[in-house]
file data.cif (mmCIF, C-alpha atoms and all ligand atoms)
data_work
loop_
_atom_site.label_atom_id
_atom_site.label_comp_id
_atom_site.auth_asym_id
_atom_site.auth_seq_id
_atom_site.Cartn_x
_atom_site.Cartn_y
_atom_site.Cartn_z
CA MET A 513 -128.46 -128.50 -117.97
CA THR A 514 -131.43 -126.18 -117.47
CA ARG A 515 -131.67 -123.93 -114.46
CA SER A 516 -134.56 -125.96 -113.05
CA SER A 517 -132.83 -129.32 -113.55
CA LEU A 518 -129.74 -127.88 -111.90
CA PHE A 519 -131.88 -126.85 -108.92
CA ALA A 520 -133.52 -130.27 -108.87
CA GLY A 521 -130.08 -131.90 -108.87
CA VAL A 522 -128.83 -129.69 -106.09
CA ALA A 523 -132.02 -130.27 -104.13
CA LEU A 524 -131.69 -134.04 -104.62
CA ALA A 525 -128.08 -133.97 -103.52
CA ALA A 526 -129.01 -131.82 -100.53
CA GLY A 527 -131.87 -134.20 -99.74
CA LEU A 528 -129.56 -137.23 -99.88
CA PHE A 529 -127.05 -135.41 -97.70
CA ALA A 530 -129.75 -134.47 -95.23
CA ALA A 531 -131.18 -137.99 -95.23
CA THR A 532 -127.73 -139.38 -94.52
CA LEU A 533 -127.21 -136.91 -91.70
CA ALA A 534 -130.62 -137.65 -90.29
CA SER A 535 -129.48 -141.13 -89.40
CA ALA A 536 -128.66 -139.92 -85.92
CA ALA A 537 -125.58 -142.12 -85.63
CA GLU A 538 -123.73 -139.53 -87.64
CA LEU A 539 -124.92 -136.52 -85.71
CA THR A 540 -122.54 -134.83 -83.35
CA VAL A 541 -124.00 -132.32 -80.91
CA GLY A 542 -121.95 -130.04 -78.66
CA PHE A 543 -123.67 -129.09 -75.40
CA SER A 544 -122.43 -126.09 -73.46
CA GLN A 545 -123.75 -126.93 -70.00
CA ILE A 546 -123.68 -124.38 -67.16
CA GLY A 547 -122.14 -126.63 -64.51
CA SER A 548 -123.60 -128.73 -61.72
CA GLU A 549 -124.95 -126.12 -59.33
CA SER A 550 -128.08 -128.09 -58.47
CA GLY A 551 -129.56 -131.58 -58.38
CA TRP A 552 -131.77 -130.54 -61.26
CA ARG A 553 -128.76 -129.49 -63.37
CA ALA A 554 -126.95 -132.78 -62.68
CA ALA A 555 -130.13 -134.63 -63.68
CA GLU A 556 -130.39 -132.63 -66.90
CA THR A 557 -126.83 -133.61 -67.84
CA THR A 558 -127.52 -137.28 -67.11
CA VAL A 559 -130.80 -137.28 -69.04
CA SER A 560 -129.11 -135.56 -71.99
CA LYS A 561 -126.56 -138.39 -72.16
CA MET A 562 -129.33 -140.99 -71.91
CA GLU A 563 -131.40 -139.32 -74.65
CA ALA A 564 -128.34 -139.01 -76.93
CA GLU A 565 -127.49 -142.66 -76.43
CA LYS A 566 -131.08 -143.72 -77.24
CA ARG A 567 -130.80 -141.96 -80.59
CA GLY A 568 -127.18 -142.93 -81.30
CA ILE A 569 -126.08 -139.29 -81.20
CA ASP A 570 -122.51 -138.36 -80.33
CA LEU A 571 -122.94 -135.79 -77.53
CA LYS A 572 -119.99 -133.71 -76.42
CA ILE A 573 -120.63 -131.90 -73.13
CA ALA A 574 -118.56 -128.91 -71.96
CA ASP A 575 -119.01 -127.94 -68.31
CA ALA A 576 -118.70 -124.15 -67.99
CA GLN A 577 -118.31 -124.06 -64.20
CA GLN A 578 -120.97 -121.32 -64.04
CA LYS A 579 -118.98 -118.93 -66.23
CA GLN A 580 -120.34 -117.31 -69.39
CA GLU A 581 -116.80 -116.84 -70.74
CA ASN A 582 -116.30 -120.63 -70.57
CA GLN A 583 -119.57 -121.14 -72.43
CA ILE A 584 -118.46 -118.75 -75.17
CA LYS A 585 -115.13 -120.61 -75.46
CA ALA A 586 -116.96 -123.96 -75.64
CA ILE A 587 -119.25 -122.70 -78.42
CA ARG A 588 -116.23 -121.48 -80.40
CA SER A 589 -114.55 -124.83 -79.93
CA PHE A 590 -117.71 -126.68 -81.10
CA ILE A 591 -117.78 -124.44 -84.19
CA ALA A 592 -114.11 -125.22 -84.89
CA GLN A 593 -114.86 -128.94 -84.56
CA GLY A 594 -117.70 -128.62 -87.08
CA VAL A 595 -120.42 -130.19 -84.92
CA ASP A 596 -123.87 -130.63 -86.48
CA ALA A 597 -125.67 -128.66 -83.77
CA ILE A 598 -124.98 -126.82 -80.53
CA PHE A 599 -127.08 -126.96 -77.38
CA LEU A 600 -126.68 -124.01 -75.02
CA ALA A 601 -127.99 -123.69 -71.46
CA PRO A 602 -127.17 -119.99 -71.02
CA VAL A 603 -125.99 -119.11 -67.51
CA VAL A 604 -127.19 -115.52 -67.93
CA ALA A 605 -129.61 -113.99 -70.42
CA THR A 606 -127.46 -111.28 -72.03
CA GLY A 607 -124.25 -111.20 -74.08
CA TRP A 608 -124.75 -114.00 -76.59
CA ASP A 609 -125.30 -112.26 -79.91
CA SER A 610 -121.78 -112.22 -81.29
CA VAL A 611 -120.86 -115.86 -80.55
CA LEU A 612 -124.24 -117.03 -81.83
CA GLU A 613 -123.65 -115.04 -85.00
CA GLU A 614 -120.42 -117.03 -85.42
CA ALA A 615 -122.41 -120.27 -85.13
CA LYS A 616 -124.97 -118.96 -87.61
CA ASP A 617 -122.22 -117.99 -90.09
CA ALA A 618 -120.85 -121.52 -89.76
CA ASP A 619 -124.37 -122.86 -90.50
CA ILE A 620 -124.60 -124.66 -87.18
CA PRO A 621 -128.07 -124.59 -85.58
CA VAL A 622 -128.18 -123.63 -81.91
CA VAL A 623 -130.84 -124.87 -79.51
CA LEU A 624 -131.36 -123.14 -76.17
CA LEU A 625 -131.99 -125.52 -73.30
CA ASP A 626 -133.92 -124.63 -70.11
CA ARG A 627 -133.03 -120.91 -70.16
CA THR A 628 -133.65 -118.10 -72.61
CA ILE A 629 -131.53 -115.22 -73.87
CA ASP A 630 -132.13 -111.53 -74.49
CA THR A 631 -131.66 -110.87 -78.19
CA LYS A 632 -133.32 -108.82 -80.89
CA ASP A 633 -132.35 -111.43 -83.48
CA GLU A 634 -134.32 -114.64 -83.02
CA SER A 635 -132.65 -116.17 -86.08
CA LEU A 636 -129.59 -116.75 -83.88
CA TYR A 637 -131.16 -119.92 -82.53
CA LEU A 638 -133.30 -122.65 -84.06
CA THR A 639 -135.56 -123.19 -81.07
CA ALA A 640 -135.64 -122.95 -77.27
CA VAL A 641 -136.73 -125.93 -75.18
CA THR A 642 -137.81 -124.41 -71.89
CA SER A 643 -140.64 -124.21 -69.43
CA ASP A 644 -142.63 -121.02 -68.91
CA THR A 645 -140.57 -119.75 -66.00
CA VAL A 646 -142.87 -116.78 -65.32
CA TYR A 647 -145.73 -119.26 -64.99
CA GLU A 648 -143.70 -121.38 -62.54
CA GLY A 649 -143.32 -118.34 -60.27
CA LYS A 650 -147.04 -117.64 -60.64
CA VAL A 651 -147.98 -121.19 -59.66
CA ALA A 652 -145.78 -120.92 -56.55
CA GLY A 653 -147.25 -117.53 -55.60
CA GLU A 654 -150.85 -118.61 -56.18
CA TRP A 655 -150.33 -121.72 -54.07
CA LEU A 656 -148.97 -119.58 -51.24
CA ALA A 657 -151.76 -116.99 -51.47
CA LYS A 658 -154.37 -119.75 -51.34
CA THR A 659 -152.67 -121.55 -48.46
CA VAL A 660 -152.18 -118.44 -46.35
CA GLY A 661 -155.69 -117.03 -46.89
CA ASP A 662 -156.26 -113.73 -45.04
CA LYS A 663 -153.38 -114.17 -42.60
CA GLN A 664 -150.52 -111.65 -42.61
CA CYS A 665 -147.50 -113.36 -44.20
CA ASN A 666 -143.91 -112.14 -44.41
CA ILE A 667 -142.09 -113.94 -47.21
CA VAL A 668 -138.36 -114.32 -47.74
CA GLU A 669 -137.18 -115.08 -51.27
CA LEU A 670 -134.10 -117.00 -52.36
CA GLN A 671 -133.38 -115.93 -55.90
CA GLY A 672 -131.49 -117.88 -58.55
CA THR A 673 -128.35 -116.73 -60.35
CA VAL A 674 -128.38 -112.97 -60.93
CA GLY A 675 -129.14 -112.17 -64.58
CA SER A 676 -130.36 -115.68 -65.44
CA SER A 677 -133.73 -115.97 -67.16
CA PRO A 678 -135.30 -118.28 -64.54
CA ALA A 679 -134.29 -115.95 -61.69
CA ILE A 680 -135.74 -112.93 -63.48
CA ASN A 681 -138.91 -114.69 -64.57
CA ARG A 682 -139.64 -116.70 -61.44
CA LYS A 683 -139.45 -113.49 -59.46
CA LYS A 684 -141.75 -111.72 -61.91
CA GLY A 685 -144.36 -114.50 -61.89
CA PHE A 686 -144.39 -114.77 -58.11
CA ASP A 687 -144.60 -110.97 -57.65
CA GLU A 688 -147.55 -110.87 -60.05
CA ALA A 689 -149.34 -113.67 -58.24
CA ILE A 690 -149.10 -112.05 -54.81
CA ALA A 691 -149.65 -108.45 -56.01
CA ALA A 692 -153.38 -108.56 -55.35
CA HIS A 693 -152.89 -109.89 -51.81
CA SER A 694 -151.87 -107.04 -49.53
CA ASN A 695 -151.37 -109.47 -46.63
CA LEU A 696 -148.47 -111.14 -48.50
CA LYS A 697 -145.23 -109.21 -48.42
CA ILE A 698 -141.69 -110.10 -49.52
CA ILE A 699 -139.59 -108.73 -46.67
CA ARG A 700 -136.19 -110.01 -47.84
CA SER A 701 -134.91 -111.20 -51.20
CA GLN A 702 -131.39 -112.24 -52.12
CA THR A 703 -129.61 -114.54 -54.52
CA GLY A 704 -128.54 -117.99 -53.38
CA ASP A 705 -127.14 -118.71 -56.87
CA PHE A 706 -129.26 -121.87 -57.23
CA THR A 707 -126.97 -123.78 -54.82
CA ARG A 708 -127.71 -125.59 -51.59
CA THR A 709 -124.74 -124.05 -49.78
CA LYS A 710 -125.62 -120.47 -50.66
CA GLY A 711 -129.31 -121.10 -50.02
CA LYS A 712 -128.41 -122.16 -46.49
CA GLU A 713 -126.05 -119.22 -45.92
CA VAL A 714 -128.59 -116.65 -47.14
CA MET A 715 -131.37 -118.24 -45.10
CA GLU A 716 -129.15 -118.08 -42.00
CA SER A 717 -128.68 -114.36 -42.57
CA PHE A 718 -132.44 -113.86 -43.06
CA ILE A 719 -133.16 -115.71 -39.81
CA LYS A 720 -130.61 -113.60 -37.96
CA ALA A 721 -132.01 -110.37 -39.37
CA GLU A 722 -135.57 -111.43 -38.52
CA GLY A 723 -135.16 -111.99 -34.79
CA GLY A 724 -134.38 -115.69 -35.00
CA GLY A 725 -136.86 -116.32 -37.84
CA LYS A 726 -140.08 -115.85 -35.84
CA THR A 727 -141.35 -113.10 -38.15
CA ILE A 728 -140.93 -115.24 -41.28
CA CYS A 729 -144.10 -116.92 -42.52
CA ALA A 730 -142.86 -118.43 -45.81
CA VAL A 731 -139.78 -119.12 -47.93
CA TYR A 732 -140.07 -118.91 -51.71
CA ALA A 733 -136.95 -120.40 -53.32
CA HIS A 734 -136.31 -120.27 -57.07
CA ASN A 735 -135.09 -123.86 -56.89
CA ASP A 736 -135.32 -126.88 -54.63
CA ASP A 737 -131.62 -127.02 -53.83
CA MET A 738 -131.65 -123.59 -52.21
CA GLN A 739 -134.80 -124.68 -50.40
CA ILE A 740 -133.07 -127.77 -49.00
CA GLY A 741 -130.31 -125.45 -47.75
CA ALA A 742 -132.96 -123.18 -46.20
CA ILE A 743 -134.62 -126.17 -44.51
CA GLN A 744 -131.31 -127.01 -42.84
CA ALA A 745 -130.84 -123.41 -41.68
CA ILE A 746 -134.38 -123.26 -40.24
CA LYS A 747 -133.91 -126.54 -38.36
CA GLU A 748 -130.59 -125.38 -36.95
CA ALA A 749 -132.35 -122.22 -35.71
CA GLY A 750 -134.75 -124.42 -33.74
CA LEU A 751 -137.79 -123.87 -35.98
CA LYS A 752 -139.84 -126.37 -37.97
CA PRO A 753 -139.72 -125.89 -41.75
CA GLY A 754 -143.03 -126.87 -43.33
CA THR A 755 -144.92 -126.09 -40.10
CA ASP A 756 -143.57 -122.88 -38.53
CA ILE A 757 -142.53 -121.61 -41.95
CA LEU A 758 -144.21 -122.53 -45.25
CA MET A 759 -141.77 -123.74 -47.93
CA VAL A 760 -142.46 -123.44 -51.67
CA SER A 761 -139.92 -123.89 -54.45
CA ILE A 762 -139.35 -125.05 -58.03
CA ASP A 763 -137.77 -128.09 -59.78
CA ALA A 764 -139.33 -131.21 -58.19
CA VAL A 765 -136.04 -133.04 -57.53
CA PRO A 766 -136.19 -136.25 -55.43
CA ASP A 767 -134.78 -134.55 -52.29
CA ILE A 768 -137.65 -132.07 -52.08
CA PHE A 769 -140.13 -134.96 -52.23
CA LYS A 770 -138.26 -136.55 -49.36
CA ALA A 771 -138.53 -133.24 -47.47
CA MET A 772 -142.26 -133.04 -48.26
CA ALA A 773 -142.81 -136.63 -47.15
CA ASP A 774 -141.03 -135.72 -43.89
CA GLY A 775 -143.26 -132.65 -43.43
CA GLU A 776 -140.43 -130.18 -44.00
CA ALA A 777 -141.53 -128.70 -47.34
CA ASN A 778 -144.99 -127.85 -48.63
CA ALA A 779 -144.96 -127.46 -52.41
CA THR A 780 -142.79 -127.65 -55.51
CA VAL A 781 -143.36 -126.85 -59.19
CA GLU A 782 -141.91 -129.39 -61.58
CA LEU A 783 -139.28 -128.55 -64.18
CA THR A 784 -138.52 -131.59 -66.31
CA PRO A 785 -134.81 -132.39 -66.66
CA ASN A 786 -135.52 -133.83 -70.11
CA MET A 787 -134.89 -130.78 -72.26
CA ALA A 788 -132.48 -132.63 -74.55
CA GLY A 789 -134.98 -135.23 -75.86
CA PRO A 790 -137.23 -132.68 -77.62
CA ALA A 791 -134.11 -130.73 -78.68
CA PHE A 792 -132.54 -133.80 -80.35
CA ASP A 793 -135.83 -134.54 -82.13
CA ALA A 794 -136.03 -130.96 -83.42
CA VAL A 795 -132.43 -131.06 -84.69
CA MET A 796 -132.90 -134.47 -86.34
CA ALA A 797 -136.03 -133.32 -88.18
CA TYR A 798 -134.30 -130.10 -89.22
CA LYS A 799 -131.29 -132.00 -90.55
CA LYS A 800 -133.47 -134.57 -92.28
CA ASP A 801 -135.70 -132.36 -94.38
CA GLY A 802 -135.32 -128.80 -93.16
CA THR A 803 -138.34 -128.97 -90.84
CA VAL A 804 -138.23 -125.79 -88.80
CA PRO A 805 -139.47 -126.34 -85.24
CA PRO A 806 -141.56 -123.77 -83.37
CA LYS A 807 -139.36 -121.07 -81.83
CA TRP A 808 -140.41 -122.27 -78.38
CA ILE A 809 -140.87 -125.91 -77.41
CA GLN A 810 -142.57 -125.54 -74.06
CA THR A 811 -142.27 -128.12 -71.30
CA GLU A 812 -144.89 -128.59 -68.57
CA SER A 813 -144.91 -127.07 -65.07
CA ALA A 814 -147.06 -129.05 -62.63
CA LEU A 815 -147.52 -128.34 -58.93
CA TYR A 816 -146.70 -131.14 -56.47
CA LEU A 817 -147.89 -131.29 -52.86
CA PRO A 818 -147.12 -133.56 -49.89
CA ASP A 819 -150.04 -135.91 -50.60
CA THR A 820 -148.09 -137.67 -53.37
CA ALA A 821 -144.60 -136.96 -52.03
CA LYS A 822 -143.75 -140.42 -50.73
CA GLU A 823 -144.63 -142.22 -53.97
CA GLU A 824 -143.06 -139.49 -56.11
CA TYR A 825 -139.83 -139.78 -54.12
CA GLU A 826 -139.72 -143.55 -54.55
CA ARG A 827 -140.50 -143.30 -58.26
CA ARG A 828 -138.02 -140.51 -58.99
CA LYS A 829 -135.06 -141.85 -57.05
CA ASN A 830 -135.19 -144.96 -59.23
CA LEU A 831 -135.12 -143.11 -62.54
CA GLY A 832 -131.33 -143.04 -62.62
CA TYR A 833 -130.94 -139.25 -62.65
O1 LIG B 901 -132.54 -123.15 -65.56
C1 LIG B 901 -133.13 -124.04 -64.71
C2 LIG B 901 -132.65 -123.85 -63.31
O2 LIG B 901 -131.26 -123.96 -63.25
C3 LIG B 901 -133.14 -124.87 -62.30
O3 LIG B 901 -134.37 -124.55 -61.74
C4 LIG B 901 -132.06 -124.80 -61.29
O4 LIG B 901 -132.09 -125.85 -60.35
C5 LIG B 901 -130.90 -124.82 -62.19
O5 LIG B 901 -129.73 -124.66 -61.65
#

call {"tool": "encode", "arguments": {"input": "data.cif", "output": "structure tokens"}}
result
Amino acid sequence: MTRSSLFAGVALAAGLFAATLASAAELTVGFSQIGSESGWRAAETTVSKMEAEKRGIDLKIADAQQKQENQIKAIRSFIAQGVDAIFLAPVVATGWDSVLEEAKDADIPVVLLDRTIDTKDESLYLTAVTSDTVYEGKVAGEWLAKTVGDKQCNIVELQGTVGSSPAINRKKGFDEAIAAHSNLKIIRSQTGDFTRTKGKEVMESFIKAEGGGKTICAVYAHNDDMQIGAIQAIKEAGLKPGTDILMVSIDAVPDIFKAMADGEANATVELTPNMAGPAFDAVMAYKKDGTVPPKWIQTESALYLPDTAKEEYERRKNLGY
């Protein structure tokens, strides 16, 4: 056999193998999910299951209970099981290189979902399906600057999980958007860990520190769940969220539309929970014929306001996630 016919044979065999694998029924994907800290996260998990089922993919989900060490363990377990691909929603941005090298050595493609990582070696993952989280912060900040106009406005900020890419980037984007407006000032900023409970607790402490909340003009929350917690805290303090204090956040979960329809929130920036659909498609194409997806599959980030809140709430609550 000549060298070229040997290559052709190997290529044909590889092609047949890939074609067989590409029939999604035989694909097994391990998903290291962060946990269920927010309504958005729960929706992402549900949508991932729905998208896997649509394509006949066997999806194994490991809930890391917000801990990076659990995510690392889950990835190692997926490698040991010989899955066809690994999805990772990284709780924090740093500390992934060595476990992702193990996946790479095992020839298992990794797709990052909804959050990014800090690494010098981009070959450690096939693609990242995420929104532009800096842009989301910018959209929120620009909306606030426009709404406030020339008025003096003291902002309190509820940050996401410390060290996570959306917390870092949503802060950056918002800071950039308000930088040119000297009347807008962040007077307090603290993490609420993307949860409703912590969002409420932190907002209570802000209100206490700010003379009962009267000096606060706006709340910028890195996600809707913390904002819902803040809304509760503001109401309990005897103030009107959405009127006395402007409320802008990110995610576009059904509950924030309900709050907007009730006049208790003013704006949200949408983050689609369907990260898995494009990720499955990328993995299937890669397995089928080696198609390499772009390094970043970007999802959209649209601004939603109270004018469409009632219909959006009705529509979204019936989506099943
Ligand atoms: O990474 C996406 C963020 O994580 C969502 O905005 C937040 O709700 C979630 O917990």

call {"tool": "atom_distance", "arguments": {"input": "data.cif", "atom1": "atom CA of Pro790 of chain A", "atom2": "atom CA of Leu571 of chain A"}}
result
14.6 Å

call {"tool": "closest_residue", "arguments": {"input": "data.cif", "among": "A:Phe706, A:Phe590, A:Trp655, A:Phe599", "to": "ligand LIG 901 (chain B)", "atoms": "all atoms listed in the file"}}
result
A:Phe706

call {"tool": "closest_atom_pairs", "arguments": {"input": "data.cif", "of": "segment 602-692 of chain A", "to": "segment 538-545 of chain A", "cutoff": "12 Å", "atoms": "only C-alpha atoms", "output": "JSON lines"}}
result
{"residue": "A:Pro602", "atom": "CA", "partner": "A:Gln545", "partner_atom": "CA", "distance": 7.8}
{"residue": "A:Val603", "atom": "CA", "partner": "A:Gln545", "partner_atom": "CA", "distance": 8.5}
{"residue": "A:Ala615", "atom": "CA", "partner": "A:Gly542", "partner_atom": "CA", "distance": 11.7}
{"residue": "A:Ile620", "atom": "CA", "partner": "A:Val541", "partner_atom": "CA", "distance": 9.9}
{"residue": "A:Pro621", "atom": "CA", "partner": "A:Val541", "partner_atom": "CA", "distance": 9.9}
{"residue": "A:Val622", "atom": "CA", "partner": "A:Gly542", "partner_atom": "CA", "distance": 9.5}
{"residue": "A:Val623", "atom": "CA", "partner": "A:Phe543", "partner_atom": "CA", "distance": 9.3}
{"residue": "A:Leu624", "atom": "CA", "partner": "A:Phe543", "partner_atom": "CA", "distance": 9.8}
{"residue": "A:Leu625", "atom": "CA", "partner": "A:Gln545", "partner_atom": "CA", "distance": 9.0}
{"residue": "A:Asp626", "atom": "CA", "partner": "A:Gln545", "partner_atom": "CA", "distance": 10.4}
{"residue": "A:Arg627", "atom": "CA", "partner": "A:Gln545", "partner_atom": "CA", "distance": 11.1}

call {"tool": "write_last_selection", "arguments": {"input": "data.cif", "atoms": "C-alpha atoms", "output": "compact mmCIF listing (two decimals), keeping the file's coordinate frame"}}
result
# COMPACT_ATOMS: atom_id res chain seq x y z
CA PRO A 602 -127.17 -119.99 -71.02
CA VAL A 603 -125.99 -119.11 -67.51
CA ALA A 615 -122.41 -120.27 -85.13
CA ILE A 620 -124.60 -124.66 -87.18
CA PRO A 621 -128.07 -124.59 -85.58
CA VAL A 622 -128.18 -123.63 -81.91
CA VAL A 623 -130.84 -124.87 -79.51
CA LEU A 624 -131.36 -123.14 -76.17
CA LEU A 625 -131.99 -125.52 -73.30
CA ASP A 626 -133.92 -124.63 -70.11
CA ARG A 627 -133.03 -120.91 -70.16

call {"tool": "residues_near_ligand", "arguments": {"input": "data.cif", "ligand": "ligand LIG 901 (chain B)", "cutoff": "8 Å", "atoms": "only C-alpha atoms and all ligand atoms", "output": "NGL selection string"}}
result
:A and (548-553 or 601 or 603 or 626-627 or 672 or 676-678 or 706-707 or 734-737 or 762-763 or 783)

call {"tool": "closest_residue", "arguments": {"input": "data.cif", "among": "A:Ala749, A:Ala689, A:Ile680, A:Ile809", "to": "Ala791 of chain A", "atoms": "only C-alpha atoms"}}
result
A:Ile809

call {"tool": "residues_around", "arguments": {"input": "data.cif", "residues": "Arg682 of chain A", "least_positions_apart": "5", "cutoff": "7 Å", "atoms": "all atoms listed in the file", "output": "JSON, numbers by chain"}}
result
{"A": [645, 646, 648, 649, 734]}

call {"tool": "closest_residue", "arguments": {"input": "data.cif", "among": "A:Glu722, A:Glu824, A:Glu713, A:Asp575", "to": "Asn666 of chain A", "atoms": "only C-alpha atoms"}}
result
A:Glu722

call {"tool": "residues_around", "arguments": {"input": "data.cif", "residues": "segment 660-662 of chain A", "least_positions_apart": "3", "cutoff": "9 Å", "atoms": "only C-alpha atoms", "output": "list in words"}}
result
Trp655, Leu656, Ala657, Cys665, His693, Asn695 and Leu696 of chain A

call {"tool": "atom_distance", "arguments": {"input": "data.cif", "atom1": "atom CA of Ala555 of chain A", "atom2": "atom CA of Glu826 of chain A"}}
result
16.0 Å

call {"tool": "atom_distance", "arguments": {"input": "data.cif", "atom1": "atom CA of Gly704 of chain A", "atom2": "atom CA of Tyr732 of chain A"}}
result
11.7 Å

call {"tool": "closest_residue", "arguments": {"input": "data.cif", "among": "A:Arg827, A:Lys697, A:Arg567, A:Lys747", "to": "Glu716 of chain A", "atoms": "all atoms listed in the file"}}
result
A:Lys747

call {"tool": "build_atoms", "arguments": {"input": "data.cif", "residues": "segment 646-660 of chain A", "atoms": "N, CA, C and O atoms", "output": "mmCIF file, in the coordinates of the input"}}
result
data_model
loop_
_atom_site.group_PDB
_atom_site.id
_atom_site.type_symbol
_atom_site.label_atom_id
_atom_site.label_comp_id
_atom_site.auth_asym_id
_atom_site.auth_seq_id
_atom_site.Cartn_x
_atom_site.Cartn_y
_atom_site.Cartn_z
ATOM 1 N N VAL A 646 -142.000 -117.771 -65.999
ATOM 2 C CA VAL A 646 -142.870 -116.780 -65.320
ATOM 3 C C VAL A 646 -144.053 -117.535 -64.697
ATOM 4 O O VAL A 646 -144.424 -117.310 -63.538
ATOM 5 N N TYR A 647 -144.593 -118.455 -65.471
ATOM 6 C CA TYR A 647 -145.730 -119.260 -64.990
ATOM 7 C C TYR A 647 -145.355 -120.056 -63.733
ATOM 8 O O TYR A 647 -146.139 -120.167 -62.788
ATOM 9 N N GLU A 648 -144.135 -120.615 -63.727
ATOM 10 C CA GLU A 648 -143.700 -121.380 -62.540
ATOM 11 C C GLU A 648 -143.776 -120.501 -61.283
ATOM 12 O O GLU A 648 -144.272 -120.929 -60.235
ATOM 13 N N GLY A 649 -143.272 -119.268 -61.407
ATOM 14 C CA GLY A 649 -143.320 -118.340 -60.270
ATOM 15 C C GLY A 649 -144.761 -118.044 -59.875
ATOM 16 O O GLY A 649 -145.093 -117.950 -58.681
ATOM 17 N N LYS A 650 -145.615 -117.919 -60.882
ATOM 18 C CA LYS A 650 -147.040 -117.640 -60.640
ATOM 19 C C LYS A 650 -147.693 -118.790 -59.867
ATOM 20 O O LYS A 650 -148.441 -118.583 -58.915
ATOM 21 N N VAL A 651 -147.397 -120.008 -60.312
ATOM 22 C CA VAL A 651 -147.980 -121.190 -59.660
ATOM 23 C C VAL A 651 -147.565 -121.214 -58.179
ATOM 24 O O VAL A 651 -148.393 -121.437 -57.284
ATOM 25 N N ALA A 652 -146.284 -120.926 -57.929
ATOM 26 C CA ALA A 652 -145.780 -120.920 -56.550
ATOM 27 C C ALA A 652 -146.494 -119.829 -55.729
ATOM 28 O O ALA A 652 -146.939 -120.070 -54.596
ATOM 29 N N GLY A 653 -146.617 -118.647 -56.309
ATOM 30 C CA GLY A 653 -147.250 -117.530 -55.600
ATOM 31 C C GLY A 653 -148.735 -117.775 -55.349
ATOM 32 O O GLY A 653 -149.247 -117.475 -54.260
ATOM 33 N N GLU A 654 -149.411 -118.349 -56.342
ATOM 34 C CA GLU A 654 -150.850 -118.610 -56.180
ATOM 35 C C GLU A 654 -151.081 -119.680 -55.107
ATOM 36 O O GLU A 654 -152.018 -119.593 -54.318
ATOM 37 N N TRP A 655 -150.189 -120.687 -55.105
ATOM 38 C CA TRP A 655 -150.330 -121.720 -54.070
ATOM 39 C C TRP A 655 -150.188 -121.070 -52.685
ATOM 40 O O TRP A 655 -150.985 -121.346 -51.772
ATOM 41 N N LEU A 656 -149.208 -120.193 -52.553
ATOM 42 C CA LEU A 656 -148.970 -119.580 -51.240
ATOM 43 C C LEU A 656 -150.152 -118.697 -50.836
ATOM 44 O O LEU A 656 -150.627 -118.775 -49.692
ATOM 45 N N ALA A 657 -150.636 -117.888 -51.773
ATOM 46 C CA ALA A 657 -151.760 -116.990 -51.470
ATOM 47 C C ALA A 657 -152.974 -117.800 -50.997
ATOM 48 O O ALA A 657 -153.636 -117.439 -50.019
ATOM 49 N N LYS A 658 -153.220 -118.911 -51.682
ATOM 50 C CA LYS A 658 -154.370 -119.750 -51.340
ATOM 51 C C LYS A 658 -154.176 -120.399 -49.957
ATOM 52 O O LYS A 658 -155.094 -120.468 -49.138
ATOM 53 N N THR A 659 -152.951 -120.849 -49.712
ATOM 54 C CA THR A 659 -152.670 -121.550 -48.460
ATOM 55 C C THR A 659 -152.731 -120.614 -47.260
ATOM 56 O O THR A 659 -153.221 -120.980 -46.192
ATOM 57 N N VAL A 660 -152.249 -119.398 -47.447
ATOM 58 C CA VAL A 660 -152.180 -118.440 -46.350
ATOM 59 C C VAL A 660 -153.556 -117.826 -46.048
ATOM 60 O O VAL A 660 -153.873 -117.504 -44.906
#
